[in-house]
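Colleague: Below is a structure I'd like to ask you about.
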Amino acid sequence: MNGGRGLVKNSADWPVPGLISHTSAPTPDGWFVADVWESEEAFRQFSEIVLPLLREAGAPEVEPKVYPVFNLVTP
């Protein structure tokens, strides 16, 4: 996803601009991922890149849930 540069540690490593926040954690059934994007369009552009890569890697089919942000606190 990031050109083979290893673990993504910075929003500049993302393949499209617009990422505000990314969190992921292992769960008993796989992974939980929560992202905050500047716009739904930026997220859609990211999805067009990442979903085929996830399928190629054998990840299960998932339908992302999109919610409008109510409150965002940043440092």
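Labels used: A, B, ... for chains in the order of the structure tokens, numbers from 1 for residues in each chain, and numbers from 1 for ligands as shown.
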DSSP on the backbone, strand (DSSP E or B) only: what residues of region 32-71 of chain A does that give? Format it as number ranges by chain.
Modeller: A: 32-37
Colleague: Could you write those residues out with N, CA, C and O atoms, as a PDB file, in the first residue's frame?
Modeller:
```pdb
ATOM      1  N   PHE A  32      -9.676  -4.367  13.719  1.00  0.00           N
ATOM      2  CA  PHE A  32     -10.571  -3.210  13.769  1.00  0.00           C
ATOM      3  C   PHE A  32      -9.755  -2.015  13.298  1.00  0.00           C
ATOM      4  O   PHE A  32      -8.633  -1.804  13.756  1.00  0.00           O
ATOM      5  N   VAL A  33     -10.301  -1.251  12.364  1.00  0.00           N
ATOM      6  CA  VAL A  33      -9.624  -0.068  11.836  1.00  0.00           C
ATOM      7  C   VAL A  33     -10.593   1.106  11.897  1.00  0.00           C
ATOM      8  O   VAL A  33     -11.743   0.985  11.480  1.00  0.00           O
ATOM      9  N   ALA A  34     -10.121   2.228  12.426  1.00  0.00           N
ATOM     10  CA  ALA A  34     -10.920   3.458  12.453  1.00  0.00           C
ATOM     11  C   ALA A  34     -10.076   4.583  11.870  1.00  0.00           C
ATOM     12  O   ALA A  34      -8.991   4.878  12.379  1.00  0.00           O
ATOM     13  N   ASP A  35     -10.549   5.158  10.791  1.00  0.00           N
ATOM     14  CA  ASP A  35      -9.871   6.278  10.151  1.00  0.00           C
ATOM     15  C   ASP A  35     -10.763   7.503  10.193  1.00  0.00           C
ATOM     16  O   ASP A  35     -11.990   7.391  10.157  1.00  0.00           O
ATOM     17  N   VAL A  36     -10.145   8.667  10.216  1.00  0.00           N
ATOM     18  CA  VAL A  36     -10.852   9.937  10.046  1.00  0.00           C
ATOM     19  C   VAL A  36     -10.231  10.583   8.816  1.00  0.00           C
ATOM     20  O   VAL A  36      -9.010  10.739   8.738  1.00  0.00           O
ATOM     21  N   TRP A  37     -11.080  10.942   7.863  1.00  0.00           N
ATOM     22  CA  TRP A  37     -10.646  11.541   6.601  1.00  0.00           C
ATOM     23  C   TRP A  37     -11.190  12.954   6.481  1.00  0.00           C
ATOM     24  O   TRP A  37     -12.243  13.276   7.036  1.00  0.00           O
TER      25      TRP A  37
END
```
Colleague: For Gln45 (chain A), please output as a PDB file with N, CA, C and O atoms, in the first residue's frame all residues within 10 Å (counting only C-alpha atoms; exclusion window: fewer than 6 positions along the same chain).
Modeller:
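New file around.pdb:
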```
ATOM      1  N   PRO A  15      -1.328   6.530   0.518  1.00  0.00           N
ATOM      2  CA  PRO A  15      -1.251   6.700  -0.930  1.00  0.00           C
ATOM      3  C   PRO A  15      -2.091   7.843  -1.492  1.00  0.00           C
ATOM      4  O   PRO A  15      -1.947   8.180  -2.653  1.00  0.00           O
ATOM      5  N   VAL A  16      -2.981   8.413  -0.705  1.00  0.00           N
ATOM      6  CA  VAL A  16      -3.762   9.581  -1.145  1.00  0.00           C
ATOM      7  C   VAL A  16      -3.783  10.588  -0.001  1.00  0.00           C
ATOM      8  O   VAL A  16      -3.697  10.217   1.167  1.00  0.00           O
ATOM      9  N   PRO A  17      -3.882  11.868  -0.309  1.00  0.00           N
ATOM     10  CA  PRO A  17      -3.949  12.873   0.753  1.00  0.00           C
ATOM     11  C   PRO A  17      -5.324  12.884   1.415  1.00  0.00           C
ATOM     12  O   PRO A  17      -6.296  12.396   0.845  1.00  0.00           O
ATOM     13  N   GLY A  18      -5.391  13.438   2.608  1.00  0.00           N
ATOM     14  CA  GLY A  18      -6.683  13.625   3.263  1.00  0.00           C
ATOM     15  C   GLY A  18      -6.858  12.857   4.557  1.00  0.00           C
ATOM     16  O   GLY A  18      -7.856  13.044   5.251  1.00  0.00           O
TER      17      GLY A  18
END
```
Colleague: Between CA of Glu41 (chain A) and CA of Pro68 (chain A), what distance in Å does the model show, to one decimal?
Modeller: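 According to the coordinates, CA of Glu41 (chain A) and CA of Pro68 (chain A) are separated by 12.6 Å.
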Colleague: List every residue of chain A that DSSP, applied to the backbone of this structure, assigns to alpha helix (DSSP H), and report them as a PDB file with N, CA and C atoms, in the first residue's frame.
Modeller:
```
ATOM      1  N   GLU A  40     -15.379  12.469   2.552  1.00  0.00           N
ATOM      2  CA  GLU A  40     -15.774  11.135   2.106  1.00  0.00           C
ATOM      3  C   GLU A  40     -15.123  10.820   0.759  1.00  0.00           C
ATOM      4  N   GLU A  41     -14.923  11.833  -0.071  1.00  0.00           N
ATOM      5  CA  GLU A  41     -14.269  11.626  -1.365  1.00  0.00           C
ATOM      6  C   GLU A  41     -12.826  11.140  -1.190  1.00  0.00           C
ATOM      7  N   ALA A  42     -12.089  11.722  -0.243  1.00  0.00           N
ATOM      8  CA  ALA A  42     -10.717  11.271   0.016  1.00  0.00           C
ATOM      9  C   ALA A  42     -10.721   9.806   0.453  1.00  0.00           C
ATOM     10  N   PHE A  43     -11.680   9.433   1.301  1.00  0.00           N
ATOM     11  CA  PHE A  43     -11.783   8.037   1.731  1.00  0.00           C
ATOM     12  C   PHE A  43     -12.100   7.131   0.553  1.00  0.00           C
ATOM     13  N   ARG A  44     -12.998   7.563  -0.322  1.00  0.00           N
ATOM     14  CA  ARG A  44     -13.347   6.745  -1.500  1.00  0.00           C
ATOM     15  C   ARG A  44     -12.123   6.530  -2.390  1.00  0.00           C
ATOM     16  N   GLN A  45     -11.307   7.567  -2.583  1.00  0.00           N
ATOM     17  CA  GLN A  45     -10.093   7.425  -3.387  1.00  0.00           C
ATOM     18  C   GLN A  45      -9.145   6.416  -2.739  1.00  0.00           C
ATOM     19  N   PHE A  46      -9.007   6.496  -1.426  1.00  0.00           N
ATOM     20  CA  PHE A  46      -8.172   5.542  -0.702  1.00  0.00           C
ATOM     21  C   PHE A  46      -8.722   4.121  -0.868  1.00  0.00           C
ATOM     22  N   SER A  47     -10.030   3.966  -0.751  1.00  0.00           N
ATOM     23  CA  SER A  47     -10.660   2.644  -0.878  1.00  0.00           C
ATOM     24  C   SER A  47     -10.389   2.017  -2.228  1.00  0.00           C
ATOM     25  N   GLU A  48     -10.377   2.843  -3.281  1.00  0.00           N
ATOM     26  CA  GLU A  48     -10.114   2.325  -4.628  1.00  0.00           C
ATOM     27  C   GLU A  48      -8.718   1.714  -4.723  1.00  0.00           C
ATOM     28  N   ILE A  49      -7.802   2.167  -3.878  1.00  0.00           N
ATOM     29  CA  ILE A  49      -6.447   1.620  -3.864  1.00  0.00           C
ATOM     30  C   ILE A  49      -6.339   0.439  -2.916  1.00  0.00           C
ATOM     31  N   VAL A  50      -6.855   0.591  -1.695  1.00  0.00           N
ATOM     32  CA  VAL A  50      -6.601  -0.413  -0.657  1.00  0.00           C
ATOM     33  C   VAL A  50      -7.473  -1.665  -0.784  1.00  0.00           C
ATOM     34  N   LEU A  51      -8.716  -1.537  -1.208  1.00  0.00           N
ATOM     35  CA  LEU A  51      -9.583  -2.721  -1.252  1.00  0.00           C
ATOM     36  C   LEU A  51      -9.054  -3.794  -2.204  1.00  0.00           C
ATOM     37  N   PRO A  52      -8.595  -3.456  -3.418  1.00  0.00           N
ATOM     38  CA  PRO A  52      -8.003  -4.514  -4.254  1.00  0.00           C
ATOM     39  C   PRO A  52      -6.758  -5.151  -3.621  1.00  0.00           C
ATOM     40  N   LEU A  53      -5.954  -4.364  -2.918  1.00  0.00           N
ATOM     41  CA  LEU A  53      -4.772  -4.913  -2.253  1.00  0.00           C
ATOM     42  C   LEU A  53      -5.164  -5.878  -1.139  1.00  0.00           C
ATOM     43  N   LEU A  54      -6.206  -5.526  -0.393  1.00  0.00           N
ATOM     44  CA  LEU A  54      -6.683  -6.419   0.667  1.00  0.00           C
ATOM     45  C   LEU A  54      -7.216  -7.724   0.081  1.00  0.00           C
ATOM     46  N   ARG A  55      -7.959  -7.636  -1.010  1.00  0.00           N
ATOM     47  CA  ARG A  55      -8.466  -8.849  -1.659  1.00  0.00           C
ATOM     48  C   ARG A  55      -7.306  -9.727  -2.133  1.00  0.00           C
ATOM     49  N   GLU A  56      -6.311  -9.090  -2.745  1.00  0.00           N
ATOM     50  CA  GLU A  56      -5.140  -9.824  -3.231  1.00  0.00           C
ATOM     51  C   GLU A  56      -4.400 -10.517  -2.090  1.00  0.00           C
TER      52      GLU A  56
END
```
